[in-house]
Structures are given as structure tokens and as C-alpha cells.
file final.cif (mmCIF, C-alpha atoms and all ligand atoms)
data_coords
loop_
_atom_site.label_atom_id
_atom_site.label_comp_id
_atom_site.auth_asym_id
_atom_site.auth_seq_id
_atom_site.Cartn_x
_atom_site.Cartn_y
_atom_site.Cartn_z
CA MET A 125 20.45 6.05 -7.34
CA LEU A 126 19.83 3.21 -4.86
CA LEU A 127 20.81 4.20 -1.30
CA ASP A 128 20.73 1.58 1.45
CA THR A 129 19.67 2.85 4.89
CA ARG A 130 21.35 -0.18 6.44
CA ASN A 131 24.77 1.02 5.21
CA ASP A 132 24.41 4.76 5.70
CA GLU A 133 21.04 6.14 6.75
CA ALA A 134 22.39 9.70 7.02
CA ALA A 135 23.44 9.66 3.35
CA ALA A 136 20.04 8.27 2.29
CA LEU A 137 18.33 10.98 4.33
CA ARG A 138 20.47 13.77 2.85
CA ALA A 139 19.92 12.68 -0.76
CA SER A 140 16.18 12.23 -0.13
CA LEU A 141 15.81 15.70 1.41
CA GLU A 142 17.69 17.27 -1.47
CA ALA A 143 15.50 15.60 -4.12
CA LEU A 144 12.28 16.37 -2.23
CA SER A 145 13.26 20.04 -1.85
CA GLU A 146 13.76 20.20 -5.62
CA GLY A 147 10.19 18.98 -6.10
CA LEU A 148 11.22 15.51 -7.31
CA ALA A 149 9.60 12.15 -6.53
CA ILE A 150 11.64 9.41 -4.83
CA GLY A 151 11.15 5.79 -3.76
CA ILE A 152 11.01 5.21 0.01
CA PRO A 153 10.41 2.20 2.26
CA THR A 154 7.51 2.21 4.72
CA GLU A 155 6.43 -0.62 7.01
CA THR A 156 3.67 -1.60 4.52
CA VAL A 157 4.95 -1.24 0.95
CA TYR A 158 7.39 1.11 -0.82
CA GLY A 159 6.00 4.58 -1.55
CA LEU A 160 6.59 6.95 -4.46
CA ALA A 161 6.95 10.10 -2.39
CA ALA A 162 6.94 13.83 -3.11
CA ASP A 163 6.23 17.07 -1.24
CA ALA A 164 2.44 16.97 -0.66
CA THR A 165 2.33 20.77 -0.50
CA ASN A 166 3.95 21.27 -3.93
CA PRO A 167 1.51 20.75 -6.82
CA GLU A 168 4.24 20.28 -9.45
CA ALA A 169 5.93 17.63 -7.29
CA VAL A 170 2.62 15.80 -6.82
CA ALA A 171 1.93 16.00 -10.57
CA ARG A 172 5.18 14.09 -11.11
CA ILE A 173 3.83 11.20 -9.03
CA TYR A 174 0.70 10.89 -11.18
CA ASP A 175 2.81 11.09 -14.27
CA LEU A 176 5.36 8.48 -13.20
CA LYS A 177 2.69 6.04 -12.01
CA ARG A 178 0.41 6.72 -14.97
CA ARG A 179 -2.24 7.14 -12.32
CA PRO A 180 -5.62 8.69 -13.13
CA SER A 181 -5.77 12.16 -11.58
CA PHE A 182 -9.19 11.50 -10.00
CA ASN A 183 -7.49 9.15 -7.55
CA PRO A 184 -6.29 11.09 -4.46
CA LEU A 185 -3.04 10.31 -2.66
CA ILE A 186 -2.31 9.42 0.96
CA CYS A 187 -0.45 12.17 2.85
CA HIS A 188 2.19 10.82 5.19
CA CYS A 189 2.90 12.86 8.33
CA CYS A 190 5.48 12.34 11.09
CA ASP A 191 3.01 12.76 13.96
CA ILE A 192 -0.54 13.68 14.89
CA GLU A 193 0.41 17.39 15.23
CA MET A 194 1.43 17.52 11.59
CA VAL A 195 -1.82 15.76 10.66
CA GLY A 196 -3.71 18.46 12.58
CA ASP A 197 -2.07 21.16 10.44
CA TYR A 198 -3.88 19.84 7.36
CA ALA A 199 -6.91 17.89 8.63
CA CYS A 200 -9.59 17.92 11.36
CA LEU A 201 -9.59 15.00 13.78
CA ASP A 202 -13.00 14.11 15.24
CA PRO A 203 -12.84 12.35 18.64
CA LEU A 204 -13.24 8.81 17.24
CA SER A 205 -10.58 9.33 14.56
CA GLU A 206 -8.32 10.73 17.26
CA GLN A 207 -8.87 7.61 19.35
CA LEU A 208 -7.95 5.41 16.37
CA ALA A 209 -4.90 7.57 15.70
CA THR A 210 -3.74 7.27 19.30
CA VAL A 211 -3.93 3.49 19.20
CA PHE A 212 -2.55 2.79 15.72
CA TRP A 213 -0.09 5.64 14.87
CA PRO A 214 2.64 5.38 13.97
CA GLY A 215 1.52 2.37 11.98
CA PRO A 216 -0.35 0.93 9.00
CA LEU A 217 -3.66 2.78 9.43
CA THR A 218 -4.90 5.51 7.05
CA LEU A 219 -7.73 7.80 8.13
CA VAL A 220 -9.86 9.80 5.72
CA LEU A 221 -10.46 13.13 7.47
CA HIS A 222 -12.00 16.48 6.61
CA SER A 223 -9.41 18.92 5.28
CA ASN A 224 -8.42 21.79 7.52
CA PRO A 225 -10.33 24.67 5.88
CA VAL A 226 -7.64 27.23 6.75
CA ASN A 227 -4.72 25.17 5.48
CA ARG A 228 -5.65 22.99 2.54
CA LEU A 229 -3.28 20.78 0.62
CA PRO A 230 -3.20 21.48 -3.14
CA SER A 231 -6.24 20.06 -4.88
CA ILE A 232 -4.06 17.79 -7.04
CA THR A 233 -3.02 15.99 -3.85
CA THR A 234 -6.59 15.40 -2.70
CA ALA A 235 -8.09 15.13 -6.21
CA GLY A 236 -10.28 18.10 -5.36
CA LEU A 237 -12.11 16.36 -2.49
CA ASP A 238 -12.77 18.15 0.80
CA THR A 239 -11.30 15.17 2.63
CA VAL A 240 -7.72 14.01 2.90
CA ALA A 241 -6.32 10.52 3.56
CA VAL A 242 -3.50 10.66 6.13
CA ARG A 243 -1.25 8.24 7.89
CA VAL A 244 1.81 8.31 10.16
CA PRO A 245 4.29 5.65 9.01
CA VAL A 246 7.02 3.91 10.99
CA GLY A 247 10.81 4.00 10.55
CA PHE A 248 12.92 5.74 7.90
CA SER A 249 9.93 7.39 6.23
CA ASN A 250 8.85 8.90 9.54
CA ARG A 251 12.34 10.30 10.21
CA LEU A 252 12.46 11.66 6.66
CA ILE A 253 9.12 13.50 7.03
CA ASN A 254 10.22 14.83 10.39
CA SER A 255 13.41 16.29 8.88
CA PHE A 256 11.57 17.58 5.81
CA GLY A 257 8.98 19.31 7.99
CA ARG A 258 6.15 18.82 5.53
CA PRO A 259 3.90 15.88 4.64
CA LEU A 260 4.80 13.55 1.81
CA ALA A 261 2.20 12.40 -0.67
CA ALA A 262 3.03 8.79 -1.41
CA PRO A 263 1.05 6.18 -3.25
CA SER A 264 2.46 2.68 -3.53
CA ALA A 265 5.54 2.69 -5.77
CA ASN A 266 4.18 0.69 -8.69
CA LEU A 267 2.73 1.49 -12.09
CA SER A 268 -1.01 2.01 -11.73
CA GLY A 269 -2.85 -1.31 -11.61
CA ARG A 270 0.25 -3.43 -11.00
CA VAL A 271 1.56 -5.26 -7.93
CA SER A 272 2.82 -2.96 -5.14
CA ALA A 273 6.56 -3.03 -4.52
CA THR A 274 7.91 -4.47 -1.28
CA THR A 275 11.60 -4.18 -2.17
CA ALA A 276 13.72 -1.31 -3.52
CA GLN A 277 14.69 -3.52 -6.48
CA HIS A 278 11.02 -3.91 -7.37
CA VAL A 279 10.64 -0.09 -7.29
CA ALA A 280 13.71 0.32 -9.50
CA GLY A 281 12.24 -2.29 -11.86
CA TYR A 282 9.14 -0.14 -12.35
CA PHE A 283 10.75 3.29 -12.59
CA GLY A 284 14.46 2.72 -13.30
CA SER A 285 16.43 5.90 -13.83
CA GLU A 286 13.28 8.06 -13.76
CA LEU A 287 13.78 8.40 -9.99
CA PRO A 288 16.75 10.40 -8.68
CA VAL A 289 16.72 8.35 -5.44
CA VAL A 290 15.32 4.99 -4.35
CA VAL A 291 15.96 4.40 -0.66
CA ASP A 292 16.57 0.73 0.11
CA GLY A 293 15.41 -0.25 3.59
CA GLY A 294 15.22 -3.96 2.78
CA PRO A 295 11.99 -5.91 2.24
CA THR A 296 9.04 -4.19 3.95
CA VAL A 297 7.96 -5.80 7.21
CA LEU A 298 4.20 -6.05 6.56
CA GLY A 299 4.01 -6.38 2.77
CA LEU A 300 0.39 -5.20 2.44
CA GLU A 301 -0.93 -1.65 2.26
CA SER A 302 -2.42 0.21 5.20
CA THR A 303 -6.03 -0.26 6.26
CA ILE A 304 -8.16 2.75 5.24
CA LEU A 305 -10.96 3.86 7.58
CA ARG A 306 -13.22 6.83 7.75
CA VAL A 307 -15.53 7.98 10.54
CA VAL A 308 -19.03 8.90 9.37
CA GLU A 309 -21.57 10.14 11.92
CA GLY A 310 -19.91 8.33 14.80
CA SER A 311 -19.47 5.01 13.04
CA ILE A 312 -16.33 3.61 11.46
CA GLU A 313 -16.32 2.54 7.81
CA LEU A 314 -13.75 0.27 6.23
CA LEU A 315 -12.69 1.70 2.85
CA ARG A 316 -9.81 -0.71 2.22
CA PRO A 317 -8.87 -3.76 4.28
CA GLY A 318 -5.14 -3.76 5.04
CA ALA A 319 -2.35 -4.49 7.46
CA VAL A 320 -4.41 -3.60 10.56
CA SER A 321 -7.16 -6.23 10.85
CA LEU A 322 -10.83 -5.46 11.46
CA GLU A 323 -10.59 -7.44 14.68
CA GLU A 324 -7.78 -5.18 15.93
CA VAL A 325 -9.77 -2.03 15.11
CA GLU A 326 -12.94 -3.35 16.71
CA SER A 327 -11.23 -4.42 19.90
CA ALA A 328 -9.38 -1.09 20.17
CA VAL A 329 -12.54 1.02 20.04
CA GLY A 330 -15.12 -1.48 21.31
CA MET A 331 -17.46 -1.03 18.38
CA ALA A 332 -18.22 -2.77 15.11
CA VAL A 333 -16.72 -1.49 11.86
CA THR A 334 -19.12 -1.19 8.94
CA ILE A 335 -18.23 -2.25 5.44
CA PRO A 336 -20.01 0.14 3.04
CA GLU A 337 -22.20 -1.62 0.48
CA HIS A 338 -21.83 1.10 -2.10
CA SER A 339 -18.44 2.24 -3.24
CA PRO A 340 -17.33 5.38 -1.44
CA ALA A 341 -17.58 8.82 -3.05
CA ILE A 342 -14.55 8.27 -5.20
CA ILE A 343 -13.93 5.17 -7.18
CA ALA A 344 -10.28 4.59 -6.53
CA PRO A 345 -8.18 2.23 -8.63
CA GLY A 346 -7.28 0.37 -5.41
CA MET A 347 -10.99 -0.30 -5.19
CA LEU A 348 -11.46 -1.19 -8.85
CA SER A 349 -11.98 -4.84 -9.49
CA SER A 350 -8.72 -5.34 -11.40
CA HIS A 351 -5.72 -4.01 -9.51
CA TYR A 352 -2.57 -5.29 -7.82
CA ALA A 353 -2.29 -7.55 -10.86
CA PRO A 354 0.67 -9.51 -12.22
CA ARG A 355 0.72 -10.06 -15.99
CA THR A 356 0.20 -13.82 -15.63
CA PRO A 357 -3.46 -14.80 -15.04
CA VAL A 358 -4.25 -15.63 -11.41
CA ARG A 359 -6.52 -18.56 -10.41
CA LEU A 360 -7.87 -18.59 -6.83
CA GLU A 361 -9.15 -21.31 -4.48
CA ALA A 362 -6.94 -23.85 -6.26
CA THR A 363 -7.09 -27.39 -4.92
CA GLU A 364 -4.95 -28.78 -7.75
CA VAL A 365 -2.34 -27.26 -10.05
CA ARG A 366 -1.72 -27.84 -13.76
CA GLY A 367 1.68 -28.71 -15.28
CA ASP A 368 2.07 -25.27 -16.89
CA GLU A 369 1.09 -23.28 -13.77
CA VAL A 370 2.95 -21.93 -10.74
CA LEU A 371 1.50 -22.73 -7.31
CA LEU A 372 1.35 -20.34 -4.34
CA THR A 373 0.60 -22.16 -1.10
CA PHE A 374 1.25 -22.02 2.63
CA GLY A 375 1.28 -24.44 5.55
CA GLN A 376 1.64 -28.14 4.86
CA ARG A 377 -1.30 -28.86 2.53
CA SER A 378 -0.86 -31.36 -0.26
CA VAL A 379 -1.98 -30.03 -3.62
CA ARG A 380 -2.49 -32.42 -6.51
CA GLY A 381 -0.09 -31.69 -9.40
CA SER A 382 2.44 -29.81 -7.28
CA GLU A 383 5.25 -32.29 -8.10
CA THR A 384 4.96 -31.62 -11.82
CA CYS A 385 3.99 -27.91 -12.01
CA VAL A 386 6.36 -25.11 -13.07
CA ARG A 387 7.24 -24.16 -9.49
CA VAL A 388 5.82 -24.21 -5.98
CA PHE A 389 6.22 -21.18 -3.68
CA ASN A 390 5.38 -21.88 -0.05
CA LEU A 391 4.86 -18.40 1.44
CA SER A 392 4.73 -19.68 5.02
CA PRO A 393 5.55 -23.32 5.73
CA GLY A 394 4.36 -22.73 9.30
CA GLY A 395 0.97 -21.54 8.03
CA ASP A 396 1.30 -17.97 9.40
CA LEU A 397 -0.87 -15.51 7.43
CA ALA A 398 1.20 -12.47 8.45
CA GLU A 399 4.24 -14.18 6.92
CA PHE A 400 2.14 -14.98 3.83
CA ALA A 401 1.12 -11.29 3.53
CA ALA A 402 4.71 -10.08 3.89
CA ALA A 403 5.86 -12.33 1.04
CA LEU A 404 2.85 -12.05 -1.30
CA TYR A 405 3.75 -9.15 -3.63
CA ARG A 406 7.40 -10.20 -3.92
CA ILE A 407 6.40 -13.77 -4.82
CA LEU A 408 3.71 -12.61 -7.28
CA ASP A 409 6.43 -10.57 -8.98
CA GLU A 410 8.81 -13.56 -9.02
CA ALA A 411 6.11 -15.94 -10.23
CA ASP A 412 5.27 -13.46 -12.99
CA ARG A 413 8.76 -13.89 -14.45
CA LEU A 414 8.50 -17.66 -14.95
CA SER A 415 6.41 -17.53 -18.16
CA ALA A 416 3.87 -19.91 -16.68
CA SER A 417 0.35 -20.01 -18.13
CA GLY A 418 -1.15 -19.17 -14.75
CA ILE A 419 -0.58 -18.59 -11.05
CA ALA A 420 -2.74 -20.95 -8.95
CA ILE A 421 -3.29 -19.92 -5.33
CA VAL A 422 -4.69 -22.16 -2.58
CA PRO A 423 -7.69 -20.93 -0.53
CA VAL A 424 -6.74 -18.43 2.20
CA PRO A 425 -8.97 -18.05 5.29
CA ALA A 426 -10.59 -14.59 5.50
CA SER A 427 -10.00 -13.85 9.19
CA GLY A 428 -7.47 -11.33 10.56
CA ILE A 429 -4.98 -10.21 7.93
CA GLY A 430 -6.60 -12.86 5.67
CA LEU A 431 -9.37 -10.34 4.87
CA ALA A 432 -6.87 -7.98 3.24
CA ILE A 433 -5.01 -10.86 1.55
CA ASN A 434 -8.26 -12.11 -0.02
CA ASP A 435 -9.16 -8.56 -1.10
CA ARG A 436 -5.84 -8.19 -2.98
CA LEU A 437 -6.02 -11.71 -4.43
CA ARG A 438 -9.53 -11.10 -5.81
CA ARG A 439 -8.36 -7.95 -7.54
CA ALA A 440 -5.23 -9.66 -8.86
CA ALA A 441 -7.47 -12.40 -10.34
CA ALA A 442 -10.22 -10.13 -11.68
CA PRO A 443 -10.75 -9.80 -15.45
CA ARG A 444 -8.45 -7.09 -16.84
CA SER A 445 -9.89 -4.07 -18.55
O1 LIG S 1 0.32 1.38 2.94
C1 LIG S 1 -0.08 2.30 2.22
O2 LIG S 1 -1.16 2.88 2.40
C2 LIG S 1 0.82 2.72 1.05
C3 LIG S 1 2.13 3.26 1.63
C4 LIG S 1 3.06 3.80 0.58
O3 LIG S 1 1.85 4.22 2.62
N1 LIG S 1 0.18 3.68 0.21
C5 LIG S 1 -0.85 3.36 -0.62
O4 LIG S 1 -1.30 4.40 -1.38
O5 LIG S 1 -1.34 2.24 -0.71
P1 LIG S 1 -2.17 4.24 -2.69
O6 LIG S 1 -2.21 5.58 -3.32
O7 LIG S 1 -1.68 3.13 -3.55
O8 LIG S 1 -3.60 3.94 -2.14
C6 LIG S 1 -4.30 4.98 -1.48
C7 LIG S 1 -5.77 4.74 -1.50
C8 LIG S 1 -6.34 4.86 -2.89
O9 LIG S 1 -7.22 3.79 -3.12
C9 LIG S 1 -7.06 6.21 -2.81
O10 LIG S 1 -8.14 6.29 -3.67
C10 LIG S 1 -7.50 6.25 -1.35
O11 LIG S 1 -6.39 5.74 -0.68
N2 LIG S 1 -7.76 7.63 -0.92
C11 LIG S 1 -6.91 8.67 -0.89
N3 LIG S 1 -7.53 9.80 -0.48
C12 LIG S 1 -8.81 9.47 -0.23
C13 LIG S 1 -9.96 10.19 0.22
N4 LIG S 1 -9.91 11.47 0.50
N5 LIG S 1 -11.11 9.50 0.37
C14 LIG S 1 -11.17 8.17 0.11
N6 LIG S 1 -10.11 7.43 -0.33
C15 LIG S 1 -8.95 8.07 -0.51
MG MG S 2 -1.54 1.33 -4.69
#
call {"tool": "encode", "arguments": {"input": "final.cif", "output": "C-alpha cells"}}
result
Amino acid sequence: MLLDTRNDEAAALRASLEALSEGLAIGIPTETVYGLAADATNPEAVARIYDLKRRPSFNPLICHCCDIEMVGDYACLDPLSEQLATVFWPGPLTLVLHSNPVNRLPSITTAGLDTVAVRVPVGFSNRLINSFGRPLAAPSANLSGRVSATTAQHVAGYFGSELPVVVDGGPTVLGLESTILRVVEGSIELLRPGAVSLEEVESAVGMAVTIPEHSPAIIAPGMLSSHYAPRTPVRLEATEVRGDEVLLTFGQRSVRGSETCVRVFNLSPGGDLAEFAAALYRILDEADRLSASGIAIVPVPASGIGLAINDRLRRAAAPRS
């Protein structure tokens, strides 16, 4: 059942609360991407998420809380994490924290780790968690390995009638997943670039963020080389496009072959990378339906949100297992 918050938010909230209380998983909008959400404290409900997504169970989920107090019920905030939380919550930042030893989430939620990834989202999802009174485990609402959903229709396309409720809040504002950080011995590590840029983090805390050379303790699918992938092969750094390819571009660059290729998508004619990020997953999904032989994408600068865009594009283009 698709319920639009813009017509009747109260009805969407009621139906969501009912399904969550029954231990079911539902589709919800956040400011980053749509989430496949269930009661983080209910192991059977969380198991449904893994099942629906066909997600490997070694990959822990992000727990969404309505405020820092709820986070404190389940996790320990060191002073630096608390500073980050104060600046960026509610918002697209996920912190990996030590679990609260006296009140642990079920091990299926955290994949048995003694840490938990938490974030405080904006908007409908925040109001929903507040009314529910418990955190929601919510990975991105896509089949494991595929492009994250930024519209309710995209969620319904993945899961169809398997979900009792998909809440439609319109296209998500940011279009890229949250940035994941963790504090280790007083320094901040970037585990996944995302909607909050490194520059924003560094200027908020006045210190450099480190990018770990080795993969973190868990190898998460979001950190595997092939992820966020459309079915059509993706070709990066394109300076020309072939007749049987689709082109993704932005700004006003001229790309050889664009007059005769399958289709050109300009994700931001004004050359704004935030606008590019917001449109990326939706356009990858659309481009994927055109039966082209490939999706060619022009070079994207790696500064600001461009770091996260390049991260997702590399994974979308990586050889598939
Ligand atoms: O914007 C977002 O973060 C979206 C929306 C729905 O909130 N959620 C999202 O979740 O992207 P998901 O499950 O697709 O990605 C969560 C990432 C995974 O790569 C997972 O491995 C990592 O967070 N993660 C979760 N718990 C962790 C932990 N304790 N330590 C390290 N990484 C963790
Ligand atoms: Mg994901």
C-alpha cells in the first residue's frame, strides 16, 4: 500500500505504526534515500529486512533514532562523537558507536558486533520513530547490491506487494546515503563518504578526518567494490559517447557523440553537484530501462559531495561478481 505523506501524513503515520508494531518491514522516506525499516529491537522484524533485501547477515544495519537521548539508550557517545552529533543531527551523518552494555540491540541488528551504527534522520522518518518510541533498523530500500531507491515508486519496484506499507514522501532531497564516521582514539575515521562532505566535518570539529587504508573490521557490501549497480554496464570518465550508449552529464560540457547516442541525461544543467547527487540514483534507474549497451558518465570532480558521488560511481562501474 502506497501512502503519500503529502496528502495525509496522519494516515501514513498510523498505517506505519501498525505495521511496525506487528513486526513487519515498511518502506519510508528519509532525507538521504528510502529506507526499508523495522523495529530494531525485534529480532524477527529485523530478520525480515535481511530476507527481503537478500542481504548477507554479516552486514549490520543502521539504527535510526529520533534524538540523541534515544541514541544514548543503546550506545555510548564519547565527547568527539557527541560534538559531531550536536552539529549534524538531525541529518545525514551516521556514527559507529560502542553499544550500551546494559541495553544492547539484538545481535541480528548489529551483526554480532559490539558497536552500533546510529543516525537521527530528518522529517517524516523522525516523527515516525518519535511516535513509535523505539529505534528503527533501516538499510537502503533496494535489493542488496542494486541502486538505492530515492522515490517510493522505486521502492515498490524492488519489493512490490511484499511490503504492507510504502510511505511516499516524494523524491528524497539529498539522494545519496549518509556519511559514516567512527571515532577511534580521538581521531575521526571516514567509513563511507556520503551526503555530509569531509570539508563540512573537518570545519565543524577543526581537525582532519582520516580515511582508513585497510577496510574496517567488517566488510560491508556498501564497501564492496561492486555495489549500487544498475544492470547496464557503467563506463566512467567518458569524454565521448557511443551510438548505443546513454550519457550522464552535467553543466554545459560538449561530449562527442551526444547527438547520436541513445539518450542524454543532464543531471544539473547549472553544474551543481548537490543537484547531480540528488538525481543520480533515479537517473541510473531510468537509464537502466533503455536497453542501451552501456551508461557513459562524464568525469565528476572529487571535492565536496563529489567525493561520495565518485565513490558510488566507482562501485556502480566495478566488475560484477
Ligand atoms: O542514508 C543512509 O544511511 C540510509 C538511510 C536509509 O538512512 N541507510 C543506509 O543503510 O545506507 P545501509 O544498510 O544500506 O548501509 C549501512 C552501512 C553498511 O555499509 C553497513 O555495513 C555499515 O553501514 N554499518 C552498519 N553498522 C556498522 C558498524 N557497527 N560498524 C561499521 N559499519 C557499519
Ligand atoms: Mg545500501
call {"tool": "closest_atom_pairs", "arguments": {"input": "final.cif", "of": "chain A", "to": "ligand MG 2 (chain S)", "cutoff": "9 Å", "atoms": "all atoms listed in the file", "output": "CSV"}}
result
residue,atom,partner,partner_atom,distance
A:Val157,CA,S:MG2,MG,9.0
A:Gly159,CA,S:MG2,MG,8.8
A:Pro263,CA,S:MG2,MG,5.7
A:Ser264,CA,S:MG2,MG,4.4
A:Ala265,CA,S:MG2,MG,7.3
A:Asn266,CA,S:MG2,MG,7.0
A:Leu267,CA,S:MG2,MG,8.5
A:Ser268,CA,S:MG2,MG,7.1
A:Gly269,CA,S:MG2,MG,7.5
A:Arg270,CA,S:MG2,MG,8.1
A:Val271,CA,S:MG2,MG,8.0
A:Ser272,CA,S:MG2,MG,6.1
A:Glu301,CA,S:MG2,MG,7.6
A:Pro345,CA,S:MG2,MG,7.8
A:Gly346,CA,S:MG2,MG,5.9
A:His351,CA,S:MG2,MG,8.3
A:Tyr352,CA,S:MG2,MG,7.4
call {"tool": "residues_around", "arguments": {"input": "final.cif", "residues": "Gln376 of chain A", "least_positions_apart": "3", "cutoff": "10 Å", "atoms": "all atoms listed in the file", "output": "VMD selection string"}}
result
chain A and resid 373 379 390 392 to 395
call {"tool": "residues_near_ligand", "arguments": {"input": "final.cif", "ligand": "ligand LIG 1 (chain S)", "cutoff": "8 Å", "atoms": "all atoms listed in the file", "output": "short mmCIF file (atom, residue, chain, number, x, y, z; two decimals) with C-alpha atoms, in the frame of the given file"}}
result
data_model
loop_
_atom_site.label_atom_id
_atom_site.label_comp_id
_atom_site.auth_asym_id
_atom_site.auth_seq_id
_atom_site.Cartn_x
_atom_site.Cartn_y
_atom_site.Cartn_z
CA PRO A 153 10.41 2.20 2.26
CA THR A 154 7.51 2.21 4.72
CA GLU A 155 6.43 -0.62 7.01
CA THR A 156 3.67 -1.60 4.52
CA VAL A 157 4.95 -1.24 0.95
CA TYR A 158 7.39 1.11 -0.82
CA GLY A 159 6.00 4.58 -1.55
CA LEU A 160 6.59 6.95 -4.46
CA ALA A 161 6.95 10.10 -2.39
CA ASN A 183 -7.49 9.15 -7.55
CA PRO A 184 -6.29 11.09 -4.46
CA LEU A 185 -3.04 10.31 -2.66
CA ILE A 186 -2.31 9.42 0.96
CA HIS A 188 2.19 10.82 5.19
CA PRO A 216 -0.35 0.93 9.00
CA LEU A 217 -3.66 2.78 9.43
CA THR A 218 -4.90 5.51 7.05
CA VAL A 220 -9.86 9.80 5.72
CA LEU A 221 -10.46 13.13 7.47
CA THR A 234 -6.59 15.40 -2.70
CA ALA A 235 -8.09 15.13 -6.21
CA LEU A 237 -12.11 16.36 -2.49
CA ASP A 238 -12.77 18.15 0.80
CA THR A 239 -11.30 15.17 2.63
CA VAL A 240 -7.72 14.01 2.90
CA ALA A 241 -6.32 10.52 3.56
CA VAL A 242 -3.50 10.66 6.13
CA ARG A 243 -1.25 8.24 7.89
CA PRO A 245 4.29 5.65 9.01
CA ALA A 262 3.03 8.79 -1.41
CA PRO A 263 1.05 6.18 -3.25
CA SER A 264 2.46 2.68 -3.53
CA ALA A 265 5.54 2.69 -5.77
CA SER A 272 2.82 -2.96 -5.14
CA LEU A 300 0.39 -5.20 2.44
CA GLU A 301 -0.93 -1.65 2.26
CA SER A 302 -2.42 0.21 5.20
CA THR A 303 -6.03 -0.26 6.26
CA ILE A 304 -8.16 2.75 5.24
CA LEU A 315 -12.69 1.70 2.85
CA ARG A 316 -9.81 -0.71 2.22
CA GLY A 318 -5.14 -3.76 5.04
CA ALA A 319 -2.35 -4.49 7.46
CA PRO A 340 -17.33 5.38 -1.44
CA ALA A 341 -17.58 8.82 -3.05
CA ILE A 342 -14.55 8.27 -5.20
CA ILE A 343 -13.93 5.17 -7.18
CA ALA A 344 -10.28 4.59 -6.53
CA PRO A 345 -8.18 2.23 -8.63
CA GLY A 346 -7.28 0.37 -5.41
CA MET A 347 -10.99 -0.30 -5.19
#
call {"tool": "residues_around", "arguments": {"input": "final.cif", "residues": "Ala162 of chain A", "least_positions_apart": "4", "cutoff": "9 Å", "atoms": "only C-alpha atoms", "output": "list in words"}}
result
Ala143, Leu144, Ser145, Gly147, Leu148, Ala149, Ile150, Asn166, Ala169, Val170, Arg172, Ile173, Pro259, Leu260, Ala261 and Ala262 of chain A
call {"tool": "residues_around", "arguments": {"input": "final.cif", "residues": "Gly367 of chain A", "least_positions_apart": "5", "cutoff": "10 Å", "atoms": "all atoms listed in the file", "output": "PyMOL selection string"}}
result
chain A and resi 381-387+416-418
call {"tool": "residues_around", "arguments": {"input": "final.cif", "residues": "segment 199-202 of chain A", "least_positions_apart": "2", "cutoff": "7 Å", "atoms": "only C-alpha atoms", "output": "list in words"}}
result
Val195, Gly196, Asp197, Leu204, Ser205, Glu206, Leu221, His222, Ser223, Asn224 and Val240 of chain A
